[in-house]
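*Asks:* Input file: my_file_5.txt. Contents: compact mmCIF, C-alpha atoms (C1' of nucleotides).
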```
# COMPACT_ATOMS: atom_id res chain seq x y z
CA MET L 1057 88.15 -35.86 97.50
CA SER L 1058 86.13 -38.87 98.57
CA GLU L 1059 89.39 -40.40 99.73
CA LEU L 1060 89.86 -37.54 102.11
CA LYS L 1061 86.31 -37.97 103.32
CA ALA L 1062 86.93 -41.66 103.86
CA LYS L 1063 89.99 -40.86 105.93
CA ILE L 1064 88.07 -38.46 108.08
CA ASP L 1065 85.33 -41.02 108.63
CA GLU L 1066 87.95 -43.58 109.55
CA SER L 1067 89.49 -41.23 112.05
CA ARG L 1068 86.09 -40.48 113.55
CA LEU L 1069 85.36 -44.13 114.01
CA GLN L 1070 88.70 -44.65 115.71
CA VAL L 1071 88.40 -41.68 118.01
CA GLY L 1072 84.84 -42.56 118.84
CA ALA L 1073 85.71 -46.13 119.71
CA TRP L 1074 88.58 -45.01 121.90
CA LEU L 1075 86.52 -42.39 123.70
CA ASN L 1076 83.82 -44.94 124.39
CA LEU L 1077 86.35 -47.39 125.73
CA GLN L 1078 87.84 -44.78 127.98
CA GLN L 1079 84.50 -43.50 129.24
CA ALA L 1080 83.21 -46.98 129.96
CA ASN L 1081 86.36 -47.75 131.88
CA ARG L 1082 86.10 -44.55 133.89
CA VAL L 1083 82.45 -45.05 134.71
CA LEU L 1084 82.94 -48.62 135.84
CA ASP L 1085 86.07 -47.73 137.78
CA ALA L 1086 84.19 -45.04 139.65
CA ILE L 1087 81.33 -47.41 140.42
CA PHE L 1088 83.60 -50.12 141.76
CA GLU L 1089 85.68 -47.64 143.71
CA HIS L 1090 82.59 -46.26 145.42
CA ARG L 1091 81.10 -49.61 146.23
CA LEU L 1092 84.31 -51.01 147.57
CA ARG L 1093 85.14 -47.96 149.63
CA ALA L 1094 81.65 -47.80 151.06
CA GLU L 1095 81.39 -51.45 152.03
CA THR L 1096 84.95 -52.43 152.87
CA ASP L 1097 86.93 -49.21 153.37
CA MET L 1098 89.40 -50.42 150.76
CA SER L 1099 90.40 -48.79 147.50
CA MET L 1100 90.27 -50.58 144.16
CA ALA L 1101 94.05 -50.33 143.94
CA GLU L 1102 94.49 -51.99 147.30
CA TYR L 1103 92.00 -54.69 146.40
CA GLU L 1104 93.84 -55.36 143.17
CA LEU L 1105 97.11 -55.80 145.02
CA LEU L 1106 95.59 -58.27 147.46
CA PHE L 1107 93.88 -60.01 144.55
CA ARG L 1108 97.18 -60.47 142.75
CA LEU L 1109 98.73 -61.87 145.88
CA GLN L 1110 96.02 -64.46 146.09
CA LEU L 1111 96.28 -65.35 142.42
CA ALA L 1112 99.89 -66.28 143.01
CA ALA L 1113 99.29 -67.76 146.42
CA ASP L 1114 101.75 -70.58 145.84
CA HIS L 1115 104.77 -68.38 145.23
CA PRO L 1116 104.66 -65.05 147.12
CA LEU L 1117 105.26 -62.08 144.87
CA GLN L 1118 108.01 -59.56 145.17
CA MET L 1119 107.48 -55.82 144.83
CA SER L 1120 108.66 -55.59 141.26
CA GLU L 1121 106.30 -58.34 140.14
CA ILE L 1122 103.38 -56.62 141.80
CA ALA L 1123 104.29 -53.33 140.19
CA ALA L 1124 104.50 -54.99 136.77
CA GLN L 1125 101.17 -56.75 137.12
CA LEU L 1126 99.35 -53.66 138.32
CA LEU L 1127 101.14 -51.40 135.84
CA ASN L 1128 102.16 -49.23 138.77
CA SER L 1129 105.40 -47.42 139.43
CA PRO L 1130 107.81 -48.96 141.97
CA SER L 1131 107.35 -46.05 144.33
CA GLY L 1132 103.59 -46.24 144.15
CA THR L 1133 103.78 -49.92 144.93
CA THR L 1134 105.97 -49.24 147.95
CA ARG L 1135 103.55 -46.66 149.31
CA MET L 1136 100.58 -48.95 148.82
CA ALA L 1137 102.38 -51.79 150.52
CA ASP L 1138 103.15 -49.39 153.39
CA ARG L 1139 99.46 -48.75 153.87
CA LEU L 1140 98.43 -52.40 153.61
CA GLU L 1141 101.18 -53.45 155.98
CA ALA L 1142 100.17 -50.78 158.48
CA ALA L 1143 96.61 -52.09 158.24
CA GLY L 1144 97.89 -55.56 158.97
CA LEU L 1145 96.72 -57.07 155.70
CA ILE L 1146 100.09 -58.07 154.28
CA THR L 1147 103.58 -58.89 155.48
CA ARG L 1148 106.91 -58.03 153.91
CA GLU L 1149 109.80 -60.40 154.24
CA THR L 1150 113.26 -60.30 152.72
CA PRO L 1151 114.58 -63.83 152.26
CA ARG L 1152 118.09 -64.58 153.51
CA ASP L 1153 119.36 -65.91 150.20
CA ASN L 1154 118.65 -62.64 148.42
CA ARG L 1155 118.46 -59.70 150.69
CA ARG L 1156 117.60 -57.26 147.94
CA VAL L 1157 114.11 -58.48 147.27
CA VAL L 1158 111.00 -58.18 149.37
CA ARG L 1159 108.43 -60.95 149.34
CA VAL L 1160 104.89 -59.92 150.07
CA ALA L 1161 102.30 -62.25 151.52
CA LEU L 1162 98.70 -62.01 152.72
CA THR L 1163 98.12 -62.22 156.44
CA GLU L 1164 95.15 -64.07 157.87
CA GLN L 1165 93.45 -60.72 158.28
CA GLY L 1166 94.34 -59.83 154.72
CA GLN L 1167 92.73 -62.99 153.42
CA GLN L 1168 89.55 -62.18 155.29
CA ALA L 1169 89.53 -58.61 154.03
CA LEU L 1170 90.15 -59.88 150.51
CA ALA L 1171 87.29 -62.35 150.79
CA ARG L 1172 84.91 -59.58 151.81
CA ALA L 1173 86.16 -57.31 149.06
CA ASP L 1174 85.84 -60.15 146.56
CA THR L 1175 82.20 -60.55 147.44
CA VAL L 1176 81.50 -56.86 147.10
CA PHE L 1177 83.46 -56.47 143.90
CA ARG L 1178 81.97 -59.47 142.16
CA GLU L 1179 78.51 -58.33 143.05
CA ALA L 1180 79.23 -54.87 141.64
CA LEU L 1181 80.87 -56.42 138.60
CA GLY L 1182 77.80 -58.50 137.99
CA GLU L 1183 75.48 -55.53 138.25
CA ALA L 1184 77.41 -52.82 136.46
CA PHE L 1185 79.40 -54.84 133.97
CA ALA L 1186 78.32 -58.40 133.29
CA ALA L 1187 74.60 -57.74 133.51
CA HIS L 1188 74.80 -55.69 130.34
CA LEU L 1189 76.83 -58.15 128.30
CA SER L 1190 75.96 -61.59 126.97
CA GLU L 1191 78.45 -64.41 127.23
CA SER L 1192 79.43 -63.91 123.62
CA ASP L 1193 79.86 -60.19 124.32
CA LEU L 1194 82.27 -61.07 127.09
CA ASN L 1195 84.23 -63.29 124.77
CA ASP L 1196 84.27 -60.61 122.08
CA LEU L 1197 85.51 -58.12 124.63
CA ARG L 1198 88.31 -60.39 125.75
CA ARG L 1199 89.28 -61.01 122.16
CA LEU L 1200 89.44 -57.30 121.38
CA MET L 1201 91.34 -56.39 124.52
CA ARG L 1202 93.77 -59.20 123.92
CA LYS L 1203 94.46 -57.87 120.45
CA LEU L 1204 95.15 -54.44 121.89
CA LEU L 1205 97.36 -55.75 124.65
CA GLU L 1206 99.31 -58.06 122.37
CA GLY L 1207 99.66 -55.33 119.81
CA ASN L 1208 101.33 -53.16 122.42
CA GLY L 1209 103.47 -55.86 123.94
CA ALA L 1210 101.55 -55.84 127.19
CA TRP L 1211 99.81 -59.19 127.07
CA SER L 1212 102.07 -61.11 129.41
CA GLU L 1213 101.48 -58.78 132.32
CA ALA L 1214 97.76 -58.81 131.72
CA ARG L 1215 97.51 -62.58 131.93
CA CYS L 1216 95.24 -63.51 134.74
CA GLU L 1217 93.73 -66.76 135.85
CA PRO L 1218 91.37 -65.95 138.68
CA GLY L 1219 91.54 -68.61 141.32
CA ALA L 1220 88.41 -70.52 142.31
CA SER L 1221 87.20 -68.19 144.99
CA MET V 807 77.99 -79.32 142.21
CA SER V 808 78.30 -78.64 138.52
CA GLU V 809 76.09 -75.62 139.03
CA LEU V 810 78.61 -74.21 141.45
CA LYS V 811 81.38 -74.94 138.98
CA ALA V 812 79.44 -73.17 136.26
CA LYS V 813 79.02 -70.16 138.49
CA ILE V 814 82.73 -70.05 139.19
CA ASP V 815 83.54 -70.27 135.49
CA GLU V 816 81.09 -67.49 134.81
CA SER V 817 82.70 -65.32 137.44
CA ARG V 818 86.14 -66.03 136.02
CA LEU V 819 85.04 -65.01 132.58
CA GLN V 820 83.60 -61.78 133.92
CA VAL V 821 86.60 -60.89 136.02
CA GLY V 822 88.95 -61.74 133.21
CA ALA V 823 87.09 -59.60 130.72
CA TRP V 824 87.06 -56.68 133.12
CA LEU V 825 90.74 -56.98 133.96
CA ASN V 826 91.60 -57.06 130.27
CA LEU V 827 89.48 -54.01 129.61
CA GLN V 828 91.12 -52.14 132.44
CA GLN V 829 94.65 -53.16 131.49
CA ALA V 830 94.14 -52.25 127.86
CA ASN V 831 92.81 -48.88 128.89
CA ARG V 832 95.75 -48.25 131.21
CA VAL V 833 98.33 -49.28 128.66
CA LEU V 834 96.85 -47.11 125.95
CA ASP V 835 96.37 -44.19 128.31
CA ALA V 836 100.01 -44.36 129.31
CA ILE V 837 101.12 -44.50 125.67
CA PHE V 838 99.04 -41.52 124.67
CA GLU V 839 100.06 -39.56 127.74
CA HIS V 840 103.72 -40.10 126.99
CA ARG V 841 103.48 -39.26 123.32
CA LEU V 842 101.46 -36.15 123.90
CA ARG V 843 103.63 -34.91 126.74
CA ALA V 844 106.80 -35.53 124.77
CA GLU V 845 105.68 -33.86 121.58
CA THR V 846 103.35 -31.11 122.74
CA ASP V 847 103.96 -30.60 126.48
CA MET V 848 100.27 -31.13 127.09
CA SER V 849 98.57 -33.76 129.23
CA MET V 850 95.84 -36.03 127.92
CA ALA V 851 93.40 -34.41 130.33
CA GLU V 852 94.19 -30.98 128.96
CA TYR V 853 93.94 -32.21 125.41
CA GLU V 854 90.57 -33.73 126.12
CA LEU V 855 89.29 -30.47 127.50
CA LEU V 856 90.42 -28.54 124.44
CA PHE V 857 89.00 -31.29 122.25
CA ARG V 858 85.60 -30.97 123.87
CA LEU V 859 85.68 -27.24 123.37
CA GLN V 860 86.27 -27.72 119.68
CA LEU V 861 83.55 -30.34 119.36
CA ALA V 862 81.07 -27.79 120.60
CA ALA V 863 82.64 -24.90 118.77
CA ASP V 864 79.28 -23.37 117.91
CA HIS V 865 78.10 -22.94 121.50
CA PRO V 866 80.91 -22.36 124.00
CA LEU V 867 80.74 -24.74 126.94
CA GLN V 868 80.38 -23.80 130.55
CA MET V 869 82.39 -25.37 133.34
CA SER V 870 79.69 -27.78 134.44
CA GLU V 871 79.23 -29.11 130.91
CA ILE V 872 82.94 -29.71 130.57
CA ALA V 873 83.06 -31.49 133.90
CA ALA V 874 80.16 -33.71 132.90
CA GLN V 875 81.66 -34.61 129.54
CA LEU V 876 85.07 -35.42 130.97
CA LEU V 877 83.59 -37.17 134.01
CA ASN V 878 85.67 -34.84 136.16
CA SER V 879 84.81 -33.18 139.45
CA PRO V 880 83.92 -29.47 139.36
CA SER V 881 87.02 -28.59 141.34
CA GLY V 882 89.29 -30.57 139.08
CA THR V 883 87.78 -28.82 136.10
CA THR V 884 88.41 -25.43 137.68
CA ARG V 885 92.05 -26.28 138.33
CA MET V 886 92.59 -27.52 134.80
CA ALA V 887 90.95 -24.42 133.39
CA ASP V 888 93.28 -22.36 135.59
CA ARG V 889 96.29 -24.01 133.99
CA LEU V 890 95.00 -23.73 130.45
CA GLU V 891 94.04 -20.11 130.98
CA ALA V 892 97.46 -19.32 132.43
CA ALA V 893 98.98 -20.95 129.36
CA GLY V 894 96.85 -18.71 127.17
CA LEU V 895 94.97 -21.57 125.50
CA ILE V 896 91.47 -20.76 126.69
CA THR V 897 89.47 -17.78 127.91
CA ARG V 898 86.82 -17.64 130.60
CA GLU V 899 83.94 -15.26 130.27
CA THR V 900 80.86 -14.77 132.41
CA PRO V 901 77.97 -13.52 130.28
CA ARG V 902 76.03 -10.53 131.56
CA ASP V 903 72.65 -12.21 131.39
CA ASN V 904 73.70 -14.96 133.77
CA ARG V 905 76.59 -14.01 135.96
CA ARG V 906 76.78 -17.39 137.66
CA VAL V 907 78.09 -19.34 134.72
CA VAL V 908 81.51 -19.25 133.10
CA ARG V 909 81.78 -19.78 129.37
CA VAL V 910 85.02 -21.26 128.17
CA ALA V 911 86.39 -20.73 124.68
CA LEU V 912 89.53 -21.61 122.77
CA THR V 913 91.94 -18.80 122.02
CA GLU V 914 93.78 -18.59 118.72
CA GLN V 915 96.78 -20.05 120.46
CA GLY V 916 94.62 -22.76 121.95
CA GLN V 917 93.34 -23.75 118.53
CA GLN V 918 96.87 -24.06 117.26
CA ALA V 919 97.95 -26.11 120.25
CA LEU V 920 94.90 -28.31 119.81
CA ALA V 921 95.67 -28.82 116.14
CA ARG V 922 99.19 -29.97 116.97
CA ALA V 923 97.94 -32.24 119.73
CA ASP V 924 95.31 -33.63 117.39
CA THR V 925 97.97 -34.64 114.93
CA VAL V 926 100.09 -36.31 117.56
CA PHE V 927 97.17 -38.03 119.23
CA ARG V 928 95.62 -39.37 116.06
CA GLU V 929 98.94 -40.72 114.94
CA ALA V 930 99.42 -42.46 118.28
CA LEU V 931 95.84 -43.68 118.18
CA GLY V 932 96.42 -45.16 114.77
CA GLU V 933 99.57 -46.95 115.84
CA ALA V 934 98.68 -48.21 119.28
CA PHE V 935 94.94 -48.66 118.95
CA ALA V 936 93.45 -48.77 115.49
CA ALA V 937 96.31 -50.66 113.87
CA HIS V 938 95.41 -53.72 115.89
CA LEU V 939 91.69 -53.66 115.20
CA SER V 940 89.76 -54.20 112.00
CA GLU V 941 86.87 -51.95 111.10
CA SER V 942 84.43 -54.55 112.32
CA ASP V 943 86.43 -54.82 115.55
CA LEU V 944 86.02 -51.09 116.01
CA ASN V 945 82.29 -51.38 115.50
CA ASP V 946 82.08 -54.31 117.90
CA LEU V 947 83.99 -52.32 120.45
CA ARG V 948 81.68 -49.35 120.13
CA ARG V 949 78.68 -51.62 120.43
CA LEU V 950 80.00 -53.22 123.60
CA MET V 951 81.04 -49.95 125.20
CA ARG V 952 77.72 -48.43 124.34
CA LYS V 953 75.94 -51.30 126.08
CA LEU V 954 78.05 -50.74 129.17
CA LEU V 955 77.55 -47.00 129.17
CA GLU V 956 73.81 -47.22 128.56
CA GLY V 957 73.49 -49.91 131.17
CA ASN V 958 75.00 -47.55 133.71
CA GLY V 959 73.12 -44.47 132.62
CA ALA V 960 76.24 -42.78 131.29
CA TRP V 961 75.62 -42.83 127.59
CA SER V 962 74.51 -39.24 127.12
CA GLU V 963 77.69 -37.79 128.54
CA ALA V 964 79.82 -40.10 126.46
CA ARG V 965 78.27 -39.04 123.21
CA CYS V 966 80.84 -37.66 120.88
CA GLU V 967 80.78 -36.54 117.31
CA PRO V 968 84.33 -35.65 116.40
CA GLY V 969 84.37 -32.70 114.08
CA ALA V 970 85.98 -32.89 110.67
CA SER V 971 89.54 -32.12 111.65
C1' DT X 820 139.99 -58.73 146.76
C1' DT X 821 138.66 -54.56 145.10
C1' DA X 822 136.21 -51.74 142.09
C1' DC X 823 132.47 -51.04 139.10
C1' DA X 824 128.02 -51.99 137.25
C1' DA X 825 123.34 -53.76 137.72
C1' DT X 826 119.31 -54.81 140.40
C1' DA X 827 115.55 -53.99 144.06
C1' DG X 828 113.30 -50.98 146.98
C1' DT X 829 112.61 -46.75 149.33
C1' DT X 830 112.28 -41.70 150.06
C1' DG X 831 112.02 -36.52 148.61
C1' DT X 832 109.48 -33.75 145.92
C1' DT X 833 105.92 -32.33 142.94
C1' DG X 834 101.63 -32.49 140.25
C1' DT X 835 96.98 -33.61 139.95
C1' DG X 836 92.36 -35.09 141.43
C1' DA X 837 88.48 -35.55 144.92
C1' DC X 838 85.50 -34.08 148.74
C1' DA X 839 83.77 -30.66 151.53
C1' DA X 840 83.19 -25.92 152.69
C1' DC X 841 82.59 -21.48 150.89
C1' DT X 842 81.11 -17.25 147.81
C1' DA X 843 78.16 -15.36 144.56
C1' DT X 844 74.22 -15.25 141.61
C1' DA X 845 69.55 -16.52 140.24
C1' DG X 846 64.83 -18.14 141.02
C1' DC X 847 60.81 -17.97 143.78
C1' DA X 848 57.42 -17.53 147.43
C1' DA X 849 55.31 -14.90 151.13
C1' DT P 376 60.90 -6.25 149.01
C1' DT P 377 62.70 -9.83 152.02
C1' DG P 378 64.14 -14.23 152.85
C1' DC P 379 64.87 -19.02 151.51
C1' DT P 380 66.55 -22.38 148.27
C1' DA P 381 68.97 -23.94 144.32
C1' DT P 382 72.66 -23.42 141.08
C1' DA P 383 77.61 -22.48 139.42
C1' DG P 384 82.22 -22.06 140.44
C1' DT P 385 86.12 -21.63 143.36
C1' DT P 386 89.22 -22.62 147.26
C1' DG P 387 91.11 -25.34 151.45
C1' DT P 388 92.70 -29.61 152.51
C1' DC P 389 94.14 -34.08 151.84
C1' DA P 390 95.19 -38.59 149.46
C1' DC P 391 97.49 -40.76 145.96
C1' DA P 392 100.76 -41.57 141.99
C1' DA P 393 104.96 -40.40 139.22
C1' DC P 394 109.76 -39.10 138.47
C1' DA P 395 114.20 -38.67 140.07
C1' DA P 396 117.62 -39.32 143.55
C1' DC P 397 119.17 -42.30 146.99
C1' DT P 398 120.57 -46.74 149.79
C1' DA P 399 121.52 -51.43 149.94
C1' DT P 400 122.63 -55.74 147.98
C1' DT P 401 124.35 -58.73 144.30
C1' DG P 402 127.05 -59.93 140.28
C1' DT P 403 131.34 -59.59 137.72
C1' DA P 404 135.77 -58.54 135.91
C1' DA P 405 140.44 -56.85 136.59
```
Can the structure from this file be put into structure tokens for me?
*Replies:*
Amino acid sequence: MSELKAKIDESRLQVGAWLNLQQANRVLDAIFEHRLRAETDMSMAEYELLFRLQLAADHPLQMSEIAAQLLNSPSGTTRMADRLEAAGLITRETPRDNRRVVRVALTEQGQQALARADTVFREALGEAFAAHLSESDLNDLRRLMRKLLEGNGAWSEARCEPGAS
Amino acid sequence: MSELKAKIDESRLQVGAWLNLQQANRVLDAIFEHRLRAETDMSMAEYELLFRLQLAADHPLQMSEIAAQLLNSPSGTTRMADRLEAAGLITRETPRDNRRVVRVALTEQGQQALARADTVFREALGEAFAAHLSESDLNDLRRLMRKLLEGNGAWSEARCEPGAS
DNA sequence: TTACAATAGTTGTTGTGACAACTATAGCAA
DNA sequence: TTGCTATAGTTGTCACAACAACTATTGTAA
């Protein structure tokens, strides 16, 4: 009897924690999306792609790497690259030694756009995210998320070492 | 000089924590979506709507309440309700005393579908989410997410008291 | 060398969500 | 009552993402 009750309580705690995680993510996503769109006419997804390109500035990424890092489908990545290329923010190049792959690089204009977006995003991040968490909170959060990612075999893709911008 | 460095480190920590949060959310979302779709032919969004209906089983929800709880747009909520109604899982009813609103309720069939989805979801939640977190981790997580939600004025909507399933 | 399999991206199609415009009802003031 | 405003939902349109099918290139084995 009390075992059943304990199980139900356990389940409630789990569901509650997950719902909170999801809601927080949605709320913050919406905030960042709005801010970015309003001030730079760029979507979060596009910003993330440019951001990943800059992270790996030394070795230009190919489509499949981008897709893996962003957890996007290949087709979605193609379409996004289409838009960014049309806007003049990135270039696609297929190297001669392997004509299957496509290497994506930031253009000068793309770097400028990214810099602007970086400013806007970090400001929004500070206000809507970091302002409500202490430094130890941030470390706790990273620890928890790392556990979740590792537990689901998704840690490698999530690795990120933001460059000194 | 070292102040600038400290600021950069701070920003890295913030960005990293956010990226991890987002990635973890995406990975888990994808897992749950797949599991639910495979075993119940229902999307997470649809499950969440039914779930919210059951949470408030005593007083049937109206469209705007559902939209607020799910952080969805009114139009999106209408479309989802269209699908669920067509599938026979919910009913819409406009009460006579206020013919503007639409009250949504689970049908018998909807309750059964929800029960199945509940089983599948909670199993997936246990495996992909809760299995990697201790009870104190879960409480930490709730605490952190609550801070974020409160900080952005979104706590009330996120409130959830899962019923004894 | 030729044939077959594997890899990398792209395109066709479809589903879903958002914003804005619209309809209908309710509240309220003159 | 009449007219104005606010509220509640729905619909038109469009943007974006996913899956599957397709093309092109590379690797490999007979």
*Asks:* Using all atoms listed in the file, I'd like a table of the residues in chain V that come within 12 Å of chain P; for each, show the closest atom pair and its distance in Å rounded to one decimal, ordered by chain and ascending number, as a Markdown table.
*Replies:*
```
| residue | atom | partner | partner_atom | distance |
| --- | --- | --- | --- | --- |
| V:Ala836 | CA | P:DA393 | C1' | 11.8 |
| V:Gln868 | CA | P:DA383 | C1' | 9.4 |
| V:Met869 | CA | P:DG384 | C1' | 7.8 |
| V:Ser870 | CA | P:DA383 | C1' | 7.6 |
| V:Glu871 | CA | P:DA383 | C1' | 10.9 |
| V:Ala873 | CA | P:DG384 | C1' | 11.5 |
| V:Ser879 | CA | P:DG384 | C1' | 11.5 |
| V:Pro880 | CA | P:DG384 | C1' | 7.7 |
| V:Ser881 | CA | P:DT385 | C1' | 7.3 |
| V:Gly882 | CA | P:DT385 | C1' | 10.4 |
| V:Thr883 | CA | P:DG384 | C1' | 9.8 |
| V:Thr884 | CA | P:DT385 | C1' | 7.2 |
| V:Arg885 | CA | P:DT385 | C1' | 9.1 |
| V:Ala887 | CA | P:DT385 | C1' | 11.4 |
| V:Asp888 | CA | P:DT385 | C1' | 10.6 |
| V:Arg898 | CA | P:DG384 | C1' | 11.7 |
| V:Thr900 | CA | P:DA383 | C1' | 10.9 |
| V:Asn904 | CA | P:DA383 | C1' | 10.2 |
| V:Arg905 | CA | P:DA383 | C1' | 9.2 |
| V:Arg906 | CA | P:DA383 | C1' | 5.4 |
| V:Val907 | CA | P:DA383 | C1' | 5.7 |
| V:Val908 | CA | P:DG384 | C1' | 7.9 |
| V:Arg909 | CA | P:DA383 | C1' | 11.2 |
```
*Asks:* Taking all atoms listed in the file into account, which residues of chain X are within 12 Å of chain V, as a list in words?
*Replies:* DG834, DT835, DG836, DA837, DC838, DA839, DT842, DA843, DT844, DA845 and DG846 of chain X
*Asks:* Using C-alpha atoms (C1' of nucleotides), can you export the residues from the last selection as a PDB file, in the frame of the given file?
*Replies:*
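Result written to part.pdb:
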```pdb
ATOM      1  C1'  DG X 834     101.630 -32.490 140.250  1.00  0.00           C
ATOM      2  C1'  DT X 835      96.980 -33.610 139.950  1.00  0.00           C
ATOM      3  C1'  DG X 836      92.360 -35.090 141.430  1.00  0.00           C
ATOM      4  C1'  DA X 837      88.480 -35.550 144.920  1.00  0.00           C
ATOM      5  C1'  DC X 838      85.500 -34.080 148.740  1.00  0.00           C
ATOM      6  C1'  DA X 839      83.770 -30.660 151.530  1.00  0.00           C
ATOM      7  C1'  DT X 842      81.110 -17.250 147.810  1.00  0.00           C
ATOM      8  C1'  DA X 843      78.160 -15.360 144.560  1.00  0.00           C
ATOM      9  C1'  DT X 844      74.220 -15.250 141.610  1.00  0.00           C
ATOM     10  C1'  DA X 845      69.550 -16.520 140.240  1.00  0.00           C
ATOM     11  C1'  DG X 846      64.830 -18.140 141.020  1.00  0.00           C
TER      12       DG X 846
END
```
*Asks:* Pull the neighbourhood of (96.0, -25.2, 132.4) for me: all residues within 12 Å in file coordinates, counting all atoms listed in the file, as a PyMOL selection string.
*Replies:* (chain V and resi 847-856+882-897+916) or (chain X and resi 835)
*Asks:* Could you check the closest approach to V:Glu929 for each of V:Lys953, V:Arg841, V:Arg858, V:His865 and tell me which residue wins, using only C-alpha atoms?
*Replies:* V:Arg841
*Asks:* Of the candidates V:Gln829, V:Ala862, V:Pro901, V:Ala812, which shows the shortest atom-to-atom distance to chain L, using only C-alpha atoms?
*Replies:* V:Gln829
*Asks:* Atom CA of L:Asp1174 to atom CA of V:Leu810: how many Å, to one decimal?
*Replies:*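 That distance, rounded to one decimal, is 16.6 Å.
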